[in-house]
file run_12.cif (mmCIF, C-alpha atoms)
data_input
#
loop_
_atom_site.group_PDB
_atom_site.id
_atom_site.type_symbol
_atom_site.label_atom_id
_atom_site.label_comp_id
_atom_site.auth_asym_id
_atom_site.auth_seq_id
_atom_site.Cartn_x
_atom_site.Cartn_y
_atom_site.Cartn_z
ATOM 1 C CA MET G 127 105.898 140.926 100.361
ATOM 2 C CA ALA G 128 105.557 138.280 97.687
ATOM 3 C CA SER G 129 108.327 139.722 95.525
ATOM 4 C CA ASN G 130 110.511 140.054 98.603
ATOM 5 C CA ARG G 131 110.135 136.350 99.148
ATOM 6 C CA MET G 132 110.879 135.528 95.491
ATOM 7 C CA ARG G 133 113.958 137.712 95.475
ATOM 8 C CA ARG G 134 115.347 136.116 98.584
ATOM 9 C CA ILE G 135 114.619 132.560 97.437
ATOM 10 C CA GLY G 136 116.264 133.353 94.093
ATOM 11 C CA LYS G 137 119.381 134.549 95.894
ATOM 12 C CA GLU G 138 119.378 131.502 98.121
ATOM 13 C CA ILE G 139 119.159 129.065 95.200
ATOM 14 C CA ALA G 140 122.000 130.902 93.430
ATOM 15 C CA ASP G 141 124.020 130.696 96.632
ATOM 16 C CA ILE G 142 123.443 126.941 96.894
ATOM 17 C CA HIS G 143 124.496 126.511 93.244
ATOM 18 C CA ALA G 144 127.674 128.493 93.849
ATOM 19 C CA ASP G 145 128.704 126.215 96.696
ATOM 20 C CA ALA G 146 129.671 122.857 95.233
ATOM 21 C CA HIS G 147 131.635 121.897 98.332
ATOM 22 C CA SER G 148 128.738 121.131 100.679
ATOM 23 C CA GLN G 149 127.043 118.873 98.077
ATOM 24 C CA ILE G 150 123.734 120.404 99.056
ATOM 25 C CA LYS G 151 121.265 120.942 96.236
ATOM 26 C CA ALA G 152 117.956 122.711 95.794
ATOM 27 C CA GLU G 153 115.904 122.967 92.608
ATOM 28 C CA PRO G 154 112.290 123.807 91.772
ATOM 29 C CA PHE G 155 110.237 120.696 92.417
ATOM 30 C CA GLY G 156 108.350 120.653 89.131
ATOM 31 C CA ASN G 157 107.524 123.874 87.329
ATOM 32 C CA GLN G 158 110.845 125.715 86.908
ATOM 33 C CA ASP G 159 109.208 129.105 87.550
ATOM 34 C CA ASP G 160 107.705 128.065 90.851
ATOM 35 C CA VAL G 161 110.317 128.641 93.516
ATOM 36 C CA THR G 162 107.849 128.101 96.354
ATOM 37 C CA HIS G 163 108.030 124.333 95.974
ATOM 38 C CA LEU G 164 111.571 122.992 95.909
ATOM 39 C CA ARG G 165 113.349 119.702 96.110
ATOM 40 C CA GLY G 166 116.508 119.785 98.188
ATOM 41 C CA SER G 167 119.015 117.010 98.661
ATOM 42 C CA PHE G 168 122.128 116.228 100.664
ATOM 43 C CA PRO G 169 124.437 113.233 101.137
ATOM 44 C CA GLY G 170 124.045 111.028 104.204
ATOM 45 C CA PRO G 171 126.664 112.037 106.777
ATOM 46 C CA PRO G 172 129.845 109.909 106.886
ATOM 47 C CA GLY G 173 130.272 107.565 109.826
ATOM 48 C CA THR G 174 126.513 106.934 110.077
ATOM 49 C CA PRO G 175 124.302 104.173 108.640
ATOM 50 C CA TYR G 176 123.144 106.809 106.123
ATOM 51 C CA GLU G 177 126.596 107.249 104.567
ATOM 52 C CA GLY G 178 126.633 106.974 100.779
ATOM 53 C CA GLY G 179 122.906 107.619 100.452
ATOM 54 C CA THR G 180 121.301 110.714 98.960
ATOM 55 C CA TYR G 181 118.355 112.187 100.807
ATOM 56 C CA ASN G 182 115.714 114.198 98.981
ATOM 57 C CA ILE G 183 113.688 116.762 100.875
ATOM 58 C CA ASP G 184 110.346 118.207 99.834
ATOM 59 C CA ILE G 185 110.464 121.938 100.613
ATOM 60 C CA LYS G 186 107.449 124.257 100.620
ATOM 61 C CA ILE G 187 108.021 127.965 101.161
ATOM 62 C CA PRO G 188 105.205 129.773 103.011
ATOM 63 C CA THR G 189 103.938 133.184 101.841
ATOM 64 C CA ASP G 190 105.464 134.955 104.833
ATOM 65 C CA TYR G 191 108.907 133.392 104.393
ATOM 66 C CA PRO G 192 111.488 134.164 105.800
ATOM 67 C CA PHE G 193 109.465 135.152 108.854
ATOM 68 C CA ARG G 194 107.973 131.667 108.978
ATOM 69 C CA PRO G 195 110.047 128.527 108.426
ATOM 70 C CA PRO G 196 109.928 126.494 105.213
ATOM 71 C CA THR G 197 107.933 123.269 105.532
ATOM 72 C CA MET G 198 110.263 120.359 104.976
ATOM 73 C CA LYS G 199 109.796 116.618 104.905
ATOM 74 C CA PHE G 200 111.878 113.687 103.794
ATOM 75 C CA GLU G 201 110.919 112.450 100.349
ATOM 76 C CA THR G 202 113.454 109.644 100.659
ATOM 77 C CA LYS G 203 112.406 107.095 103.241
ATOM 78 C CA VAL G 204 114.728 107.091 106.232
ATOM 79 C CA TRP G 205 114.931 105.026 109.427
ATOM 80 C CA HIS G 206 115.588 107.676 112.061
ATOM 81 C CA PRO G 207 113.830 108.419 115.393
ATOM 82 C CA ASN G 208 113.137 112.064 114.540
ATOM 83 C CA VAL G 209 111.691 111.381 111.089
ATOM 84 C CA SER G 210 108.434 109.532 110.479
ATOM 85 C CA SER G 211 109.235 106.275 108.687
ATOM 86 C CA GLN G 212 105.786 106.513 107.073
ATOM 87 C CA THR G 213 105.358 110.139 106.048
ATOM 88 C CA GLY G 214 108.830 111.662 106.222
ATOM 89 C CA ALA G 215 107.625 114.329 108.680
ATOM 90 C CA ILE G 216 110.495 115.853 110.641
ATOM 91 C CA CYS G 217 110.799 116.774 114.313
ATOM 92 C CA LEU G 218 113.389 119.533 114.495
ATOM 93 C CA ASP G 219 113.072 122.715 116.546
ATOM 94 C CA THR G 220 114.823 124.977 114.030
ATOM 95 C CA LEU G 221 112.059 124.129 111.550
ATOM 96 C CA SER G 222 109.346 125.162 113.994
ATOM 97 C CA THR G 223 109.631 127.112 117.234
ATOM 98 C CA ALA G 224 113.331 127.934 116.987
ATOM 99 C CA TRP G 225 113.182 129.260 113.411
ATOM 100 C CA SER G 226 114.782 132.644 112.772
ATOM 101 C CA PRO G 227 114.547 134.740 109.580
ATOM 102 C CA VAL G 228 118.333 134.779 109.227
ATOM 103 C CA LEU G 229 118.258 131.021 108.652
ATOM 104 C CA THR G 230 118.125 129.824 105.061
ATOM 105 C CA ILE G 231 117.057 126.848 102.994
ATOM 106 C CA LYS G 232 120.683 125.799 102.907
ATOM 107 C CA SER G 233 121.157 126.102 106.653
ATOM 108 C CA ALA G 234 117.944 124.126 107.189
ATOM 109 C CA LEU G 235 119.196 121.350 104.879
ATOM 110 C CA LEU G 236 122.512 121.343 106.760
ATOM 111 C CA SER G 237 120.574 121.012 110.018
ATOM 112 C CA LEU G 238 118.745 118.001 108.615
ATOM 113 C CA GLN G 239 122.036 116.457 107.559
ATOM 114 C CA SER G 240 123.377 116.920 111.060
ATOM 115 C CA LEU G 241 120.113 115.588 112.530
ATOM 116 C CA LEU G 242 120.902 112.302 110.769
ATOM 117 C CA SER G 243 124.166 112.028 112.693
ATOM 118 C CA THR G 244 122.631 113.044 116.029
ATOM 119 C CA PRO G 245 119.407 111.051 116.515
ATOM 120 C CA GLU G 246 117.454 112.171 119.570
ATOM 121 C CA PRO G 247 115.239 109.205 120.616
ATOM 122 C CA LYS G 248 113.890 111.057 123.651
ATOM 123 C CA ASP G 249 111.975 113.456 121.423
ATOM 124 C CA PRO G 250 110.799 111.060 118.739
ATOM 125 C CA GLN G 251 108.767 111.620 115.617
ATOM 126 C CA ASP G 252 108.576 107.865 115.085
ATOM 127 C CA ALA G 253 108.126 105.972 118.361
ATOM 128 C CA GLU G 254 108.826 102.574 116.833
ATOM 129 C CA VAL G 255 112.217 103.670 115.512
ATOM 130 C CA ALA G 256 113.045 105.475 118.756
ATOM 131 C CA ASN G 257 112.237 102.345 120.791
ATOM 132 C CA MET G 258 114.460 100.252 118.584
ATOM 133 C CA LEU G 259 117.334 102.714 118.958
ATOM 134 C CA LEU G 260 116.982 102.682 122.756
ATOM 135 C CA LYS G 261 116.486 98.938 123.165
ATOM 136 C CA SER G 262 118.666 97.413 120.454
ATOM 137 C CA PRO G 263 121.013 99.951 118.873
ATOM 138 C CA LYS G 264 122.692 97.239 116.750
ATOM 139 C CA GLU G 265 119.415 96.340 115.130
ATOM 140 C CA PHE G 266 118.583 100.021 114.643
ATOM 141 C CA GLU G 267 121.839 100.511 112.818
ATOM 142 C CA ARG G 268 121.221 97.515 110.597
ATOM 143 C CA VAL G 269 117.712 98.590 109.595
ATOM 144 C CA ALA G 270 118.836 102.199 109.076
ATOM 145 C CA ARG G 271 121.592 100.880 106.822
ATOM 146 C CA ASP G 272 119.232 98.589 104.909
ATOM 147 C CA TRP G 273 116.844 101.466 104.325
ATOM 148 C CA ALA G 274 119.737 103.640 103.165
ATOM 149 C CA VAL G 275 120.687 100.949 100.653
ATOM 150 C CA VAL G 276 117.144 100.312 99.421
ATOM 151 C CA TYR G 277 115.761 103.868 99.385
ATOM 152 C CA ALA G 278 118.677 106.300 99.384
ATOM 153 C CA GLY G 279 120.930 104.445 96.945
ATOM 154 C CA ALA G 280 123.753 103.809 99.428
ATOM 155 C CA PRO G 281 126.090 101.054 98.242
ATOM 156 C CA ALA G 282 125.553 97.659 99.873
ATOM 157 C CA SER G 283 128.770 97.820 101.891
ATOM 158 C CA ALA G 284 130.946 95.611 104.069
ATOM 159 C CA ASP G 285 128.524 96.147 106.969
ATOM 160 C CA ASN G 286 126.019 94.064 105.078
ATOM 161 C CA GLY G 287 128.615 91.361 104.616
ATOM 162 C CA SER G 288 129.065 90.941 108.349
ATOM 163 C CA GLY G 289 125.289 90.950 108.721
ATOM 164 C CA SER G 290 124.965 88.062 106.302
ATOM 165 C CA SER G 291 127.592 86.009 108.127
ATOM 166 C CA ILE G 292 125.308 86.109 111.179
ATOM 167 C CA ASP G 293 122.502 84.950 108.924
ATOM 168 C CA ASP G 294 124.706 82.111 107.684
ATOM 169 C CA THR G 295 125.088 80.663 111.176
ATOM 170 C CA ARG G 296 121.346 80.873 111.613
ATOM 171 C CA GLN G 297 120.973 79.056 108.323
ATOM 172 C CA GLY G 298 123.021 76.105 109.671
ATOM 173 C CA ALA G 299 120.681 75.818 112.633
ATOM 174 C CA GLY G 300 117.590 75.221 110.557
ATOM 175 C CA GLU G 301 118.281 73.922 107.070
ATOM 176 C CA ASP G 302 114.594 73.209 106.404
ATOM 177 C CA SER G 303 113.676 76.895 106.801
ATOM 178 C CA LEU G 304 115.501 77.491 103.519
ATOM 179 C CA ALA G 305 112.464 76.007 101.766
ATOM 180 C CA LYS G 306 110.672 79.234 102.636
ATOM 181 C CA TYR G 307 113.038 81.089 100.336
ATOM 182 C CA ASP G 308 111.567 79.320 97.313
ATOM 183 C CA GLY G 309 114.835 79.113 95.436
ATOM 184 C CA TYR G 310 115.799 82.786 95.927
ATOM 185 C CA ASN G 311 119.151 83.586 97.433
ATOM 186 C CA LYS G 312 118.794 83.938 101.192
ATOM 187 C CA ASN G 313 120.787 87.154 101.446
ATOM 188 C CA LEU G 314 118.691 88.678 98.712
ATOM 189 C CA ILE G 315 115.504 88.024 100.684
ATOM 190 C CA ASP G 316 117.030 88.843 104.050
ATOM 191 C CA ARG G 317 117.955 92.332 102.949
ATOM 192 C CA PHE G 318 114.203 92.964 103.008
ATOM 193 C CA SER G 319 113.157 90.654 105.832
ATOM 194 C CA SER G 320 115.705 92.352 108.095
ATOM 195 C CA MET G 321 113.562 95.483 107.847
ATOM 196 C CA GLY G 322 110.901 93.604 109.786
ATOM 197 C CA PHE G 323 108.919 91.900 107.030
ATOM 198 C CA ASP G 324 108.116 88.180 107.150
ATOM 199 C CA VAL G 325 110.231 86.031 104.856
ATOM 200 C CA ASP G 326 107.027 84.640 103.337
ATOM 201 C CA ARG G 327 105.778 88.101 102.456
ATOM 202 C CA VAL G 328 109.113 89.090 100.940
ATOM 203 C CA VAL G 329 109.188 85.931 98.844
ATOM 204 C CA ALA G 330 105.627 86.594 97.719
ATOM 205 C CA ALA G 331 106.593 90.154 96.768
ATOM 206 C CA PHE G 332 109.597 88.837 94.809
ATOM 207 C CA ARG G 333 107.320 86.457 92.931
ATOM 208 C CA HIS G 334 104.791 89.204 92.283
ATOM 209 C CA VAL G 335 107.425 91.576 90.885
ATOM 210 C CA GLY G 336 108.919 88.718 88.902
ATOM 211 C CA VAL G 337 112.479 88.849 90.279
ATOM 212 C CA GLU G 338 114.785 86.278 88.648
ATOM 213 C CA ARG G 339 116.067 83.470 90.882
ATOM 214 C CA ARG G 340 119.337 83.079 88.968
ATOM 215 C CA GLY G 341 119.844 79.634 90.482
ATOM 216 C CA GLY G 342 119.857 80.947 94.060
ATOM 217 C CA GLN G 343 122.762 83.329 93.401
ATOM 218 C CA ASP G 344 123.202 86.572 95.336
ATOM 219 C CA TYR G 345 123.203 89.561 93.012
ATOM 220 C CA GLU G 346 122.493 93.278 92.927
ATOM 221 C CA LEU G 347 118.808 93.941 92.274
ATOM 222 C CA GLU G 348 117.882 96.688 89.840
ATOM 223 C CA GLU G 349 116.669 99.870 91.454
ATOM 224 C CA ASN G 350 113.278 99.486 89.778
ATOM 225 C CA SER G 351 112.680 96.039 91.196
ATOM 226 C CA MET G 352 113.789 97.159 94.643
ATOM 227 C CA GLY G 353 111.311 100.019 94.545
ATOM 228 C CA GLU G 354 108.503 97.731 93.390
ATOM 229 C CA ILE G 355 109.256 95.165 96.071
ATOM 230 C CA ALA G 356 109.391 97.823 98.750
ATOM 231 C CA ALA G 357 106.123 99.352 97.535
ATOM 232 C CA ARG G 358 104.470 95.918 97.537
ATOM 233 C CA LEU G 359 105.699 95.218 101.076
ATOM 234 C CA LEU G 360 104.514 98.564 102.346
ATOM 235 C CA GLY G 361 101.137 97.944 100.737
ATOM 236 C CA GLU G 362 101.292 100.993 98.462
ATOM 237 C CA MET X 831 143.852 184.538 84.636
ATOM 238 C CA LYS X 832 140.888 185.207 86.783
ATOM 239 C CA VAL X 833 138.072 182.704 87.088
ATOM 240 C CA THR X 834 134.689 183.736 88.239
ATOM 241 C CA ILE X 835 132.451 181.000 89.535
ATOM 242 C CA LYS X 836 128.944 181.731 88.431
ATOM 243 C CA GLU X 837 127.288 178.578 89.650
ATOM 244 C CA TRP X 838 128.176 175.318 91.362
ATOM 245 C CA ASN X 839 126.473 172.043 92.224
ATOM 246 C CA ALA X 840 127.480 170.015 95.237
ATOM 247 C CA VAL X 841 127.466 166.250 94.922
ATOM 248 C CA ALA X 842 127.807 163.905 97.849
ATOM 249 C CA THR X 843 127.492 160.206 98.531
ATOM 250 C CA TRP X 844 126.609 158.544 101.780
ATOM 251 C CA HIS X 845 126.537 155.135 103.288
ATOM 252 C CA TRP X 846 125.638 153.712 106.636
ATOM 253 C CA ASP X 847 128.438 153.593 109.142
ATOM 254 C CA ILE X 848 128.946 149.829 108.855
ATOM 255 C CA PRO X 849 131.011 147.666 106.465
ATOM 256 C CA GLU X 850 129.810 148.375 102.939
ATOM 257 C CA ASP X 851 129.290 144.857 101.677
ATOM 258 C CA GLU X 852 127.168 143.712 104.607
ATOM 259 C CA VAL X 853 123.638 142.569 103.957
ATOM 260 C CA CYS X 854 120.601 142.571 106.183
ATOM 261 C CA GLY X 855 120.353 139.030 107.503
ATOM 262 C CA ILE X 856 116.600 139.042 107.063
ATOM 263 C CA CYS X 857 116.092 140.236 103.474
ATOM 264 C CA ARG X 858 119.680 139.644 102.253
ATOM 265 C CA VAL X 859 119.784 143.056 100.590
ATOM 266 C CA GLN X 860 122.765 145.328 101.248
ATOM 267 C CA PHE X 861 122.257 147.753 104.088
ATOM 268 C CA ASP X 862 122.792 150.676 101.726
ATOM 269 C CA GLY X 863 119.884 149.388 99.675
ATOM 270 C CA THR X 864 116.352 149.400 101.016
ATOM 271 C CA CYS X 865 114.301 146.758 102.674
ATOM 272 C CA PRO X 866 112.002 145.024 100.170
ATOM 273 C CA THR X 867 109.031 147.248 101.015
ATOM 274 C CA CYS X 868 110.782 150.597 100.456
ATOM 275 C CA LYS X 869 111.883 152.463 97.339
ATOM 276 C CA PHE X 870 114.380 154.974 98.706
ATOM 277 C CA PRO X 871 117.286 154.194 101.005
ATOM 278 C CA GLY X 872 118.226 156.521 103.819
ATOM 279 C CA ASP X 873 116.049 158.048 106.504
ATOM 280 C CA ASP X 874 112.871 156.485 105.097
ATOM 281 C CA CYS X 875 114.303 153.014 105.467
ATOM 282 C CA ALA X 876 116.549 153.242 108.479
ATOM 283 C CA LEU X 877 118.671 150.605 110.106
ATOM 284 C CA VAL X 878 118.434 149.432 113.671
ATOM 285 C CA GLN X 879 121.199 148.043 115.755
ATOM 286 C CA GLY X 880 120.616 146.078 118.929
ATOM 287 C CA ARG X 881 122.732 146.059 122.066
ATOM 288 C CA CYS X 882 124.040 142.764 120.754
ATOM 289 C CA ASN X 883 125.460 144.830 117.860
ATOM 290 C CA HIS X 884 123.447 143.001 115.203
ATOM 291 C CA ALA X 885 121.942 145.328 112.612
ATOM 292 C CA PHE X 886 118.941 144.989 110.311
ATOM 293 C CA HIS X 887 116.691 147.145 108.168
ATOM 294 C CA MET X 888 114.244 148.503 110.699
ATOM 295 C CA HIS X 889 111.230 147.380 108.648
ATOM 296 C CA CYS X 890 112.609 143.845 108.367
ATOM 297 C CA LEU X 891 113.256 143.636 112.081
ATOM 298 C CA MET X 892 109.854 145.114 113.021
ATOM 299 C CA THR X 893 108.035 142.527 110.892
ATOM 300 C CA TRP X 894 109.902 139.857 112.843
ATOM 301 C CA ILE X 895 109.537 141.369 116.316
ATOM 302 C CA ASP X 896 105.790 141.859 115.769
ATOM 303 C CA LEU X 897 105.374 138.109 115.346
ATOM 304 C CA GLU X 898 104.623 136.187 118.502
ATOM 305 C CA THR X 899 106.983 133.438 117.390
ATOM 306 C CA SER X 900 109.934 135.853 117.566
ATOM 307 C CA LYS X 901 109.570 136.103 121.365
ATOM 308 C CA GLY X 902 111.265 139.468 120.953
ATOM 309 C CA LEU X 903 114.617 137.854 120.228
ATOM 310 C CA CYS X 904 117.385 138.983 117.905
ATOM 311 C CA PRO X 905 117.287 136.732 114.798
ATOM 312 C CA MET X 906 121.073 136.348 114.901
ATOM 313 C CA CYS X 907 121.927 135.566 118.503
ATOM 314 C CA ARG X 908 118.498 134.959 120.102
ATOM 315 C CA GLN X 909 119.139 137.428 122.899
ATOM 316 C CA LYS X 910 116.381 139.841 123.787
ATOM 317 C CA PHE X 911 116.536 142.514 121.093
ATOM 318 C CA GLU X 912 117.066 145.882 122.761
ATOM 319 C CA TRP X 913 117.618 149.166 120.979
ATOM 320 C CA LYS X 914 121.195 150.282 121.269
ATOM 321 C CA ASP X 915 121.354 153.784 122.692
ATOM 322 C CA LYS X 916 123.125 156.361 120.579
ATOM 323 C CA GLU X 917 126.460 157.280 122.040
#

call {"tool": "encode", "arguments": {"input": "run_12.cif", "output": "C-alpha cells"}}
result
Amino acid sequence: MASNRMRRIGKEIADIHADAHSQIKAEPFGNQDDVTHLRGSFPGPPGTPYEGGTYNIDIKIPTDYPFRPPTMKFETKVWHPNVSSQTGAICLDTLSTAWSPVLTIKSALLSLQSLLSTPEPKDPQDAEVANMLLKSPKEFERVARDWAVVYAGAPASADNGSGSSIDDTRQGAGEDSLAKYDGYNKNLIDRFSSMGFDVDRVVAAFRHVGVERRGGQDYELEENSMGEIAARLLGE
Amino acid sequence: MKVTIKEWNAVATWHWDIPEDEVCGICRVQFDGTCPTCKFPGDDCALVQGRCNHAFHMHCLMTWIDLETSKGLCPMCRQKFEWKDKE
C-alpha cells in the first residue's frame, strides 16, 4: 500500500512538472525524499482581488491516499470566506466528503484556485470574512486585495490608487488626525489600517520594526518589513 | 526440399479489450499492468467495468467501494457503481 502511494505521488509530481501552462507547482516541503509532505502553489485567478498573488498550500498525503483526500491548507494568508484567515483551513467538499480517488493533487490545487474566484459566503470557514462579503462587498474586495499585496506578493495596483483617493478626501475632513501618523506617509499606514487595525497600532508597529519615514513620502516597503509589521499586528 | 517440423513453440500476446494506453484512474498504472498489490497481470488482477462504462483494476475499485466514504459511487462519474453484465 505504501509503495503504491509513493508511486502514484511520484507520477503526479512528474505530471505537474511537465505542465508548465497551468502554473501550478508542487514540491516536497522540506526533505526532498519525503513526498508525503508537499508544498503546492498556484497564481491568484485573474479578475479577482487575488490576481497577481502566489498562493502556497501545505499538502499532507495520508497513508491511504488516494482513497482518502490529501489534507490541504493555505500557507499564504488569504481573505476569503471559505478559508480561515487565522489558520488557512479550507472548507471545500472535494477535499472532504466529495473526494474521489481519481482526483489528484493537481486537480485539488486547481479546485482551490477556482474556489478563490467563487467565494461561497453561505458555507463559511471564516464567519467574519463571510459577513463582510455579504454586508459590504466593496470593503471585502479591498481587504482581500490588501492581503494579496501584503501576503501573496501581488503588485500594489491601480485599485489601490483609487482606494487612496477616497482616503485623501477623508484626510481633508480632519487635518489634525494626520498627527496620528507620526510623520509616516498616510497611504503607507492605511494599507495596513484598511485591514482593520487601528492607525495607532500600525504606527506603533512601524516604529517597532524601524520603518524609515523618508520625509512622509509614499514608497514600496521591503517584503521583510511588511512581514514583520504584519506579524507584529497579528501578535505573533 | 522437404521440411519436417520436429517441435514448435507457440507465442502469444494479450491485452484487455480497451484502448492500450489507458490507465486505471485510481492507481494510474496501465490497465495491462497490475494494480499495485499484484505481481501478475491477467486473470489474477482483473478489470471491472461499470454500467457507466468506467473501468478500473478490480482490486483498486474494491478498496474504494469498501470504504464508507465512497457511498458505492463510481470514482469517475459518481453514479452508483453497478457491474456491467457481460454481453

call {"tool": "resolve_selection", "arguments": {"input": "run_12.cif", "expression": "the PyMOL selection byres ((chain G) within 6 of (chain X))", "output": "list in words"}}
result
Asn130, Ser226, Pro227 and Val228 of chain G

call {"tool": "resolve_selection", "arguments": {"input": "run_12.cif", "expression": "the PyMOL selection byres ((chain G and resi 148-153) around 7)", "output": "list in words"}}
result
Ile139, Ile142, Asp145, Ala146, His147, Pro154, Phe155, Leu164, Arg165, Gly166, Ser167, Phe168 and Pro169 of chain G

call {"tool": "atom_distance", "arguments": {"input": "run_12.cif", "atom1": "CA of Asp874 (chain X)", "atom2": "CA of Pro192 (chain G)"}}
result
22.4 Å

call {"tool": "atom_distance", "arguments": {"input": "run_12.cif", "atom1": "CA of Val337 (chain G)", "atom2": "CA of Tyr310 (chain G)"}}
result
8.9 Å

call {"tool": "atom_distance", "arguments": {"input": "run_12.cif", "atom1": "CA of Thr223 (chain G)", "atom2": "CA of Asp252 (chain G)"}}
result
19.4 Å

call {"tool": "resolve_selection", "arguments": {"input": "run_12.cif", "expression": "the PyMOL selection byres ((chain G and resi 333) around 12)", "output": "PyMOL selection string"}}
result
chain G and resi 307-310+315+326-332+334-339+351+354-355+358

call {"tool": "axis_aligned_box", "arguments": {"input": "run_12.cif", "around": "region 221-237 of chain G", "padding_each_side": "3 Å", "output": "lines of an AutoDock Vina configuration file"}}
result
center_x = 115.9
center_y = 127.9
center_z = 110.1
size_x = 19.2
size_y = 19.8
size_z = 20.3

call {"tool": "residues_around", "arguments": {"input": "run_12.cif", "residues": "region 275-279 of chain G", "least_positions_apart": "4", "cutoff": "7 Å", "atoms": "only C-alpha atoms", "output": "PyMOL selection string"}}
result
chain G and resi 179-181+202-203+271+352

call {"tool": "closest_residue", "arguments": {"input": "run_12.cif", "among": "G:Asn157, G:Asn182, G:Asp324, G:Asn313", "to": "Glu346 (chain G)", "atoms": "all atoms listed in the file"}}
result
G:Asn313

call {"tool": "residues_around", "arguments": {"input": "run_12.cif", "residues": "region 173-178 of chain G", "least_positions_apart": "4", "cutoff": "8 Å", "atoms": "all atoms listed in the file", "output": "MDAnalysis selection string"}}
result
chainID G and resid 169 242:243 267:268 270:271 274 279:281

call {"tool": "residues_around", "arguments": {"input": "run_12.cif", "residues": "Asp847 (chain X)", "least_positions_apart": "6", "cutoff": "12 Å", "atoms": "all atoms listed in the file", "output": "list of chain:residue names"}}
result
X:Phe861, X:Asp862, X:Gly872, X:Ala876, X:Leu877, X:Val878, X:Gln879, X:Ala885

call {"tool": "residues_around", "arguments": {"input": "run_12.cif", "residues": "Gly863 (chain X)", "least_positions_apart": "5", "cutoff": "9 Å", "atoms": "all atoms listed in the file", "output": "list in words"}}
result
Val853, Lys869, Phe870, Pro871, Gly872 and Cys875 of chain X

call {"tool": "closest_residue", "arguments": {"input": "run_12.cif", "among": "G:Phe200, G:Glu348, G:Met321, G:Ala144", "to": "Lys232 (chain G)", "atoms": "only C-alpha atoms"}}
result
G:Ala144

call {"tool": "decode", "arguments": {"input": "run_12.cif", "residues": "region 218-223 of chain G", "atoms": "all heavy atoms", "output": "tab-separated table (two decimals), in the first residue's frame"}}
result
chain	number	residue	atom	x	y	z
G	218	LEU	N	-13.93	22.97	1.61
G	218	LEU	CA	-14.19	22.63	0.21
G	218	LEU	C	-14.58	21.16	0.16
G	218	LEU	O	-13.84	20.29	0.62
G	218	LEU	CB	-12.94	22.88	-0.64
G	218	LEU	CG	-13.07	22.59	-2.13
G	218	LEU	CD1	-14.08	23.52	-2.78
G	218	LEU	CD2	-11.73	22.74	-2.83
G	219	ASP	N	-15.77	20.87	-0.42
G	219	ASP	CA	-16.27	19.50	-0.35
G	219	ASP	C	-15.36	18.48	-1.05
G	219	ASP	O	-15.22	17.36	-0.58
G	219	ASP	CB	-17.71	19.41	-0.88
G	219	ASP	CG	-17.81	19.86	-2.33
G	219	ASP	OD1	-16.82	20.40	-2.86
G	219	ASP	OD2	-18.88	19.67	-2.93
G	220	THR	N	-14.72	18.88	-2.15
G	220	THR	CA	-13.89	17.89	-2.84
G	220	THR	C	-12.69	17.46	-2.00
G	220	THR	O	-12.08	16.44	-2.27
G	220	THR	CB	-13.36	18.41	-4.20
G	220	THR	OG1	-12.89	19.72	-4.02
G	220	THR	CG2	-14.40	18.37	-5.26
G	221	LEU	N	-12.36	18.25	-0.97
G	221	LEU	CA	-11.25	17.85	-0.09
G	221	LEU	C	-11.75	17.10	1.13
G	221	LEU	O	-10.97	16.77	2.02
G	221	LEU	CB	-10.45	19.08	0.35
G	221	LEU	CG	-9.56	19.69	-0.73
G	221	LEU	CD1	-8.85	20.92	-0.22
G	221	LEU	CD2	-8.55	18.67	-1.25
G	222	SER	N	-13.06	16.83	1.18
G	222	SER	CA	-13.56	16.03	2.30
G	222	SER	C	-14.55	14.99	1.80
G	222	SER	O	-14.15	13.96	1.27
G	222	SER	CB	-14.17	16.94	3.36
G	222	SER	OG	-15.14	17.79	2.78
G	223	THR	N	-15.84	15.28	1.91
G	223	THR	CA	-16.84	14.26	1.61
G	223	THR	C	-16.94	13.91	0.13
G	223	THR	O	-17.30	12.79	-0.22
G	223	THR	CB	-18.23	14.72	2.09
G	223	THR	OG1	-18.47	16.01	1.55
G	223	THR	CG2	-18.30	14.78	3.59
